[in-house]
$ cat model31.txt   # compact mmCIF, N, CA and C atoms
# COMPACT_ATOMS: atom_id res chain seq x y z
N MET A 867 19.41 7.53 -14.89
CA MET A 867 19.23 6.48 -15.87
C MET A 867 18.40 5.37 -15.24
N THR A 868 17.58 4.69 -16.03
CA THR A 868 16.75 3.61 -15.50
C THR A 868 17.05 2.31 -16.22
N LYS A 869 16.71 1.24 -15.52
CA LYS A 869 16.82 -0.09 -16.09
C LYS A 869 15.41 -0.54 -16.44
N ARG A 870 15.24 -1.79 -16.80
CA ARG A 870 13.93 -2.33 -17.14
C ARG A 870 12.93 -2.00 -16.05
N GLY A 871 11.73 -1.67 -16.45
CA GLY A 871 10.67 -1.43 -15.50
C GLY A 871 10.71 -0.04 -14.87
N GLY A 872 11.65 0.81 -15.28
CA GLY A 872 11.69 2.17 -14.80
C GLY A 872 12.32 2.35 -13.43
N LEU A 873 12.93 1.31 -12.86
CA LEU A 873 13.58 1.46 -11.57
C LEU A 873 14.98 2.03 -11.76
N PRO A 874 15.51 2.72 -10.75
CA PRO A 874 16.84 3.31 -10.88
C PRO A 874 17.89 2.27 -11.19
N SER A 875 18.86 2.65 -11.97
CA SER A 875 19.95 1.76 -12.32
C SER A 875 21.26 2.43 -11.94
N GLN A 876 21.93 1.88 -10.94
CA GLN A 876 23.22 2.39 -10.52
C GLN A 876 24.17 1.23 -10.48
N ALA A 877 25.36 1.46 -10.97
CA ALA A 877 26.35 0.40 -10.97
C ALA A 877 26.76 0.08 -9.54
N ASP A 878 26.93 -1.21 -9.26
CA ASP A 878 27.51 -1.60 -7.98
C ASP A 878 29.03 -1.54 -8.18
N GLY A 879 29.80 -2.15 -7.38
CA GLY A 879 31.25 -2.09 -7.53
C GLY A 879 31.77 -2.76 -8.79
N THR A 880 30.98 -3.59 -9.44
CA THR A 880 31.42 -4.35 -10.61
C THR A 880 31.10 -3.66 -11.92
N GLY A 881 30.41 -2.54 -11.87
CA GLY A 881 30.02 -1.87 -13.10
C GLY A 881 28.72 -2.39 -13.67
N GLN A 882 28.16 -3.43 -13.05
CA GLN A 882 26.88 -4.01 -13.49
C GLN A 882 25.75 -3.26 -12.79
N PRO A 883 24.62 -3.07 -13.47
CA PRO A 883 23.49 -2.45 -12.79
C PRO A 883 22.97 -3.37 -11.69
N PRO A 884 22.37 -2.80 -10.65
CA PRO A 884 21.85 -3.63 -9.56
C PRO A 884 20.76 -4.57 -10.05
N LYS A 885 20.63 -5.69 -9.39
CA LYS A 885 19.59 -6.66 -9.72
C LYS A 885 18.23 -6.12 -9.33
N LEU A 886 17.20 -6.73 -9.89
CA LEU A 886 15.82 -6.26 -9.70
C LEU A 886 15.47 -6.12 -8.22
N LEU A 887 15.73 -7.14 -7.41
CA LEU A 887 15.34 -7.07 -6.00
C LEU A 887 16.15 -6.02 -5.25
N ASP A 888 17.39 -5.80 -5.63
CA ASP A 888 18.19 -4.74 -5.01
C ASP A 888 17.61 -3.38 -5.36
N GLN A 889 17.19 -3.21 -6.60
CA GLN A 889 16.55 -1.96 -7.02
C GLN A 889 15.25 -1.75 -6.25
N MET A 890 14.51 -2.83 -6.09
CA MET A 890 13.24 -2.75 -5.39
C MET A 890 13.46 -2.37 -3.93
N ARG A 891 14.44 -3.00 -3.29
CA ARG A 891 14.75 -2.68 -1.90
C ARG A 891 15.12 -1.21 -1.75
N GLU A 892 15.95 -0.71 -2.65
CA GLU A 892 16.35 0.69 -2.61
C GLU A 892 15.14 1.61 -2.72
N SER A 893 14.26 1.29 -3.66
CA SER A 893 13.06 2.09 -3.86
C SER A 893 12.16 2.07 -2.62
N ILE A 894 12.02 0.91 -2.00
CA ILE A 894 11.19 0.77 -0.80
C ILE A 894 11.81 1.56 0.36
N ARG A 895 13.12 1.49 0.49
CA ARG A 895 13.80 2.20 1.59
C ARG A 895 13.69 3.71 1.44
N VAL A 896 13.74 4.19 0.20
CA VAL A 896 13.59 5.63 -0.04
C VAL A 896 12.21 6.08 0.45
N ARG A 897 11.24 5.19 0.35
CA ARG A 897 9.87 5.51 0.78
C ARG A 897 9.66 5.26 2.28
N HIS A 898 10.70 4.82 2.97
CA HIS A 898 10.68 4.60 4.43
C HIS A 898 9.66 3.55 4.87
N TYR A 899 9.51 2.51 4.06
CA TYR A 899 8.65 1.40 4.47
C TYR A 899 9.37 0.60 5.55
N ARG A 900 8.62 -0.13 6.32
CA ARG A 900 9.21 -0.97 7.36
C ARG A 900 9.99 -2.13 6.74
N ALA A 901 10.97 -2.63 7.47
CA ALA A 901 11.80 -3.74 6.99
C ALA A 901 10.96 -4.97 6.69
N ARG A 902 9.97 -5.24 7.51
CA ARG A 902 9.11 -6.41 7.29
C ARG A 902 8.30 -6.27 6.00
N THR A 903 7.84 -5.07 5.72
CA THR A 903 7.11 -4.82 4.48
C THR A 903 8.02 -5.05 3.28
N GLU A 904 9.24 -4.55 3.38
CA GLU A 904 10.23 -4.76 2.31
C GLU A 904 10.44 -6.25 2.05
N GLU A 905 10.63 -7.01 3.10
CA GLU A 905 10.87 -8.44 2.94
C GLU A 905 9.65 -9.15 2.34
N THR A 906 8.46 -8.78 2.78
CA THR A 906 7.23 -9.37 2.25
C THR A 906 7.08 -9.07 0.77
N TYR A 907 7.30 -7.82 0.37
CA TYR A 907 7.20 -7.46 -1.04
C TYR A 907 8.21 -8.25 -1.87
N CYS A 908 9.43 -8.37 -1.37
CA CYS A 908 10.47 -9.11 -2.10
C CYS A 908 10.11 -10.59 -2.22
N GLN A 909 9.53 -11.17 -1.17
CA GLN A 909 9.10 -12.57 -1.24
C GLN A 909 8.03 -12.76 -2.30
N TRP A 910 7.07 -11.84 -2.38
CA TRP A 910 6.02 -11.96 -3.39
C TRP A 910 6.58 -11.81 -4.79
N VAL A 911 7.54 -10.92 -4.98
CA VAL A 911 8.15 -10.76 -6.30
C VAL A 911 8.92 -12.03 -6.68
N ARG A 912 9.65 -12.59 -5.73
CA ARG A 912 10.36 -13.86 -6.00
C ARG A 912 9.37 -14.95 -6.41
N HIS A 913 8.28 -15.05 -5.66
CA HIS A 913 7.25 -16.06 -5.94
C HIS A 913 6.68 -15.86 -7.35
N TYR A 914 6.42 -14.62 -7.72
CA TYR A 914 5.89 -14.29 -9.05
C TYR A 914 6.88 -14.69 -10.14
N ILE A 915 8.15 -14.35 -9.94
CA ILE A 915 9.19 -14.68 -10.93
C ILE A 915 9.33 -16.19 -11.07
N LEU A 916 9.36 -16.90 -9.97
CA LEU A 916 9.50 -18.36 -10.02
C LEU A 916 8.28 -19.02 -10.67
N PHE A 917 7.10 -18.49 -10.39
CA PHE A 917 5.88 -19.02 -11.00
C PHE A 917 5.97 -18.96 -12.53
N HIS A 918 6.63 -17.92 -13.03
CA HIS A 918 6.75 -17.74 -14.48
C HIS A 918 8.12 -18.18 -14.99
N GLN A 919 8.67 -19.21 -14.40
CA GLN A 919 9.92 -19.84 -14.83
C GLN A 919 11.07 -18.84 -14.96
N LYS A 920 11.20 -17.98 -13.97
CA LYS A 920 12.31 -17.02 -13.84
C LYS A 920 12.37 -15.97 -14.94
N ARG A 921 11.22 -15.65 -15.51
CA ARG A 921 11.17 -14.55 -16.48
C ARG A 921 11.22 -13.22 -15.72
N HIS A 922 11.81 -12.22 -16.33
CA HIS A 922 11.89 -10.90 -15.71
C HIS A 922 10.52 -10.24 -15.76
N PRO A 923 10.07 -9.63 -14.68
CA PRO A 923 8.75 -8.98 -14.68
C PRO A 923 8.58 -7.93 -15.78
N ALA A 924 9.65 -7.27 -16.18
CA ALA A 924 9.54 -6.26 -17.25
C ALA A 924 9.17 -6.89 -18.58
N ASP A 925 9.38 -8.21 -18.71
CA ASP A 925 9.07 -8.92 -19.95
C ASP A 925 7.66 -9.53 -19.92
N MET A 926 6.92 -9.25 -18.87
CA MET A 926 5.58 -9.82 -18.73
C MET A 926 4.55 -8.70 -18.66
N GLY A 927 3.30 -9.10 -18.77
CA GLY A 927 2.23 -8.10 -18.76
C GLY A 927 1.00 -8.58 -18.02
N GLU A 928 -0.12 -8.05 -18.45
CA GLU A 928 -1.39 -8.30 -17.78
C GLU A 928 -1.76 -9.78 -17.73
N SER A 929 -1.54 -10.52 -18.80
CA SER A 929 -1.94 -11.93 -18.81
C SER A 929 -1.14 -12.74 -17.77
N GLU A 930 0.14 -12.41 -17.58
CA GLU A 930 0.94 -13.13 -16.59
C GLU A 930 0.51 -12.76 -15.17
N ILE A 931 0.15 -11.51 -14.97
CA ILE A 931 -0.35 -11.09 -13.65
C ILE A 931 -1.65 -11.82 -13.34
N ASN A 932 -2.56 -11.86 -14.33
CA ASN A 932 -3.84 -12.56 -14.12
C ASN A 932 -3.62 -14.05 -13.85
N ALA A 933 -2.69 -14.67 -14.56
CA ALA A 933 -2.41 -16.09 -14.34
C ALA A 933 -1.89 -16.33 -12.93
N PHE A 934 -1.00 -15.46 -12.47
CA PHE A 934 -0.44 -15.58 -11.12
C PHE A 934 -1.53 -15.39 -10.06
N LEU A 935 -2.34 -14.36 -10.21
CA LEU A 935 -3.40 -14.10 -9.23
C LEU A 935 -4.45 -15.21 -9.22
N THR A 936 -4.76 -15.74 -10.40
CA THR A 936 -5.69 -16.86 -10.47
C THR A 936 -5.12 -18.08 -9.77
N HIS A 937 -3.85 -18.34 -10.01
CA HIS A 937 -3.17 -19.46 -9.33
C HIS A 937 -3.24 -19.28 -7.81
N LEU A 938 -2.96 -18.08 -7.33
CA LEU A 938 -3.01 -17.82 -5.88
C LEU A 938 -4.41 -18.06 -5.34
N ALA A 939 -5.42 -17.56 -6.06
CA ALA A 939 -6.80 -17.67 -5.59
C ALA A 939 -7.33 -19.10 -5.65
N VAL A 940 -7.08 -19.78 -6.76
CA VAL A 940 -7.68 -21.10 -6.99
C VAL A 940 -6.87 -22.23 -6.37
N LYS A 941 -5.57 -22.24 -6.67
CA LYS A 941 -4.73 -23.35 -6.20
C LYS A 941 -4.26 -23.17 -4.77
N ASP A 942 -3.78 -21.97 -4.43
CA ASP A 942 -3.23 -21.73 -3.10
C ASP A 942 -4.27 -21.21 -2.11
N LYS A 943 -5.46 -20.84 -2.62
CA LYS A 943 -6.55 -20.31 -1.80
C LYS A 943 -6.11 -19.12 -0.95
N VAL A 944 -5.34 -18.23 -1.60
CA VAL A 944 -4.88 -17.02 -0.92
C VAL A 944 -5.92 -15.94 -1.10
$ encode --input "model31.txt" --output "structure tokens"
Amino acid sequence: MTKRGGLPSQADGTGQPPKLLDQMRESIRVRHYRARTEETYCQWVRHYILFHQKRHPADMGESEINAFLTHLAVKDKV
């Protein structure tokens, strides 16, 4: 079974599906990425979510991605 965005959804001890970043970490670990890569990816996802006033990424699309990337390029000079 999957949750929003097609990531695996497994109940934790509370019967609630895992949170987005927990799902992401699980997916990254299955792919055997390094711990530092996992942390970097999670930081970028947090930054993206906060930039969009804590909206879930599954509820956003191309325009929000473009806005975030433009902000990084123009304002943050990344």
$ atom_distance --input "model31.txt" --atom1 "CA of Gln889 in chain A" --atom2 "CA of Leu916 in chain A"
18.1 Å
$ atom_distance --input "model31.txt" --atom1 "CA of Tyr914 in chain A" --atom2 "CA of Phe934 in chain A"
6.8 Å
$ atom_distance --input "model31.txt" --atom1 "atom N of Ala939 in chain A" --atom2 "atom N of Arg900 in chain A"
25.6 Å
$ residues_around --input "model31.txt" --residues "Arg912 in chain A" --least-positions-apart "6" --cutoff "12 Å" --atoms "only C-alpha atoms" --output "VMD selection string"
chain A and resid 886 to 887 890 905 to 906 918 to 923
$ select_by_dssp --input "model31.txt" --residues "chain A" --states "alpha helix (DSSP H)" --output "ChimeraX atom specification"
/A:886-896,901-917,928-940
$ build_atoms --input "model31.txt" --residues "range 885-896 of chain A" --atoms "all heavy atoms" --output "mmCIF file, in the frame of the given file"
data_model
loop_
_atom_site.group_PDB
_atom_site.id
_atom_site.type_symbol
_atom_site.label_atom_id
_atom_site.label_comp_id
_atom_site.auth_asym_id
_atom_site.auth_seq_id
_atom_site.Cartn_x
_atom_site.Cartn_y
_atom_site.Cartn_z
ATOM 1 N N LYS A 885 20.630 -5.690 -9.390
ATOM 2 C CA LYS A 885 19.590 -6.660 -9.720
ATOM 3 C C LYS A 885 18.230 -6.120 -9.330
ATOM 4 O O LYS A 885 18.113 -5.184 -8.538
ATOM 5 C CB LYS A 885 19.875 -7.979 -9.012
ATOM 6 C CG LYS A 885 21.153 -8.615 -9.503
ATOM 7 C CD LYS A 885 21.336 -9.978 -8.923
ATOM 8 C CE LYS A 885 22.589 -10.598 -9.532
ATOM 9 N NZ LYS A 885 22.681 -11.998 -9.311
ATOM 10 N N LEU A 886 17.200 -6.730 -9.890
ATOM 11 C CA LEU A 886 15.820 -6.260 -9.700
ATOM 12 C C LEU A 886 15.470 -6.120 -8.220
ATOM 13 O O LEU A 886 14.971 -5.075 -7.796
ATOM 14 C CB LEU A 886 14.837 -7.224 -10.375
ATOM 15 C CG LEU A 886 13.362 -6.918 -10.120
ATOM 16 C CD1 LEU A 886 12.971 -5.610 -10.792
ATOM 17 C CD2 LEU A 886 12.489 -8.055 -10.604
ATOM 18 N N LEU A 887 15.730 -7.140 -7.410
ATOM 19 C CA LEU A 887 15.340 -7.070 -6.000
ATOM 20 C C LEU A 887 16.150 -6.020 -5.250
ATOM 21 O O LEU A 887 15.631 -5.378 -4.338
ATOM 22 C CB LEU A 887 15.450 -8.438 -5.338
ATOM 23 C CG LEU A 887 14.413 -9.458 -5.803
ATOM 24 C CD1 LEU A 887 14.637 -10.802 -5.127
ATOM 25 C CD2 LEU A 887 12.993 -8.980 -5.562
ATOM 26 N N ASP A 888 17.390 -5.800 -5.630
ATOM 27 C CA ASP A 888 18.190 -4.740 -5.010
ATOM 28 C C ASP A 888 17.610 -3.380 -5.360
ATOM 29 O O ASP A 888 17.528 -2.483 -4.516
ATOM 30 C CB ASP A 888 19.645 -4.830 -5.456
ATOM 31 C CG ASP A 888 20.343 -6.071 -4.929
ATOM 32 O OD1 ASP A 888 19.924 -6.598 -3.871
ATOM 33 O OD2 ASP A 888 21.306 -6.526 -5.579
ATOM 34 N N GLN A 889 17.190 -3.210 -6.600
ATOM 35 C CA GLN A 889 16.550 -1.960 -7.020
ATOM 36 C C GLN A 889 15.250 -1.750 -6.250
ATOM 37 O O GLN A 889 14.940 -0.631 -5.820
ATOM 38 C CB GLN A 889 16.247 -1.983 -8.512
ATOM 39 C CG GLN A 889 17.467 -1.960 -9.392
ATOM 40 C CD GLN A 889 17.084 -2.067 -10.853
ATOM 41 O OE1 GLN A 889 16.058 -1.540 -11.276
ATOM 42 N NE2 GLN A 889 17.900 -2.757 -11.624
ATOM 43 N N MET A 890 14.510 -2.830 -6.090
ATOM 44 C CA MET A 890 13.240 -2.750 -5.390
ATOM 45 C C MET A 890 13.460 -2.370 -3.930
ATOM 46 O O MET A 890 12.758 -1.497 -3.393
ATOM 47 C CB MET A 890 12.520 -4.092 -5.491
ATOM 48 C CG MET A 890 11.089 -4.021 -5.065
ATOM 49 S SD MET A 890 10.262 -5.545 -5.503
ATOM 50 C CE MET A 890 9.573 -5.942 -3.933
ATOM 51 N N ARG A 891 14.440 -3.000 -3.290
ATOM 52 C CA ARG A 891 14.750 -2.680 -1.900
ATOM 53 C C ARG A 891 15.120 -1.210 -1.750
ATOM 54 O O ARG A 891 14.676 -0.526 -0.828
ATOM 55 C CB ARG A 891 15.881 -3.559 -1.381
ATOM 56 C CG ARG A 891 15.455 -4.949 -1.051
ATOM 57 C CD ARG A 891 16.600 -5.735 -0.396
ATOM 58 N NE ARG A 891 16.177 -7.084 -0.145
ATOM 59 C CZ ARG A 891 16.407 -8.107 -0.965
ATOM 60 N NH1 ARG A 891 17.099 -7.926 -2.073
ATOM 61 N NH2 ARG A 891 15.976 -9.306 -0.667
ATOM 62 N N GLU A 892 15.950 -0.710 -2.650
ATOM 63 C CA GLU A 892 16.350 0.690 -2.610
ATOM 64 C C GLU A 892 15.140 1.610 -2.720
ATOM 65 O O GLU A 892 14.995 2.573 -1.970
ATOM 66 C CB GLU A 892 17.337 0.978 -3.740
ATOM 67 C CG GLU A 892 17.810 2.413 -3.783
ATOM 68 C CD GLU A 892 18.746 2.676 -4.950
ATOM 69 O OE1 GLU A 892 19.325 1.735 -5.503
ATOM 70 O OE2 GLU A 892 18.884 3.858 -5.302
ATOM 71 N N SER A 893 14.260 1.290 -3.660
ATOM 72 C CA SER A 893 13.060 2.090 -3.860
ATOM 73 C C SER A 893 12.160 2.070 -2.620
ATOM 74 O O SER A 893 11.609 3.094 -2.218
ATOM 75 C CB SER A 893 12.310 1.561 -5.083
ATOM 76 O OG SER A 893 11.167 2.312 -5.322
ATOM 77 N N ILE A 894 12.020 0.910 -2.000
ATOM 78 C CA ILE A 894 11.190 0.770 -0.800
ATOM 79 C C ILE A 894 11.810 1.560 0.360
ATOM 80 O O ILE A 894 11.106 2.234 1.115
ATOM 81 C CB ILE A 894 11.025 -0.722 -0.435
ATOM 82 C CG1 ILE A 894 10.111 -1.399 -1.460
ATOM 83 C CG2 ILE A 894 10.483 -0.889 0.976
ATOM 84 C CD1 ILE A 894 10.073 -2.916 -1.347
ATOM 85 N N ARG A 895 13.120 1.490 0.490
ATOM 86 C CA ARG A 895 13.800 2.200 1.590
ATOM 87 C C ARG A 895 13.690 3.710 1.440
ATOM 88 O O ARG A 895 13.540 4.419 2.440
ATOM 89 C CB ARG A 895 15.251 1.762 1.663
ATOM 90 C CG ARG A 895 15.363 0.349 2.184
ATOM 91 C CD ARG A 895 16.764 -0.183 2.149
ATOM 92 N NE ARG A 895 16.738 -1.604 2.528
ATOM 93 C CZ ARG A 895 17.763 -2.414 2.399
ATOM 94 N NH1 ARG A 895 18.915 -1.971 1.912
ATOM 95 N NH2 ARG A 895 17.645 -3.662 2.759
ATOM 96 N N VAL A 896 13.740 4.190 0.200
ATOM 97 C CA VAL A 896 13.590 5.630 -0.040
ATOM 98 C C VAL A 896 12.210 6.080 0.450
ATOM 99 O O VAL A 896 12.050 7.209 0.916
ATOM 100 C CB VAL A 896 13.790 5.949 -1.533
ATOM 101 C CG1 VAL A 896 13.317 7.347 -1.893
ATOM 102 C CG2 VAL A 896 15.245 5.763 -1.916
#
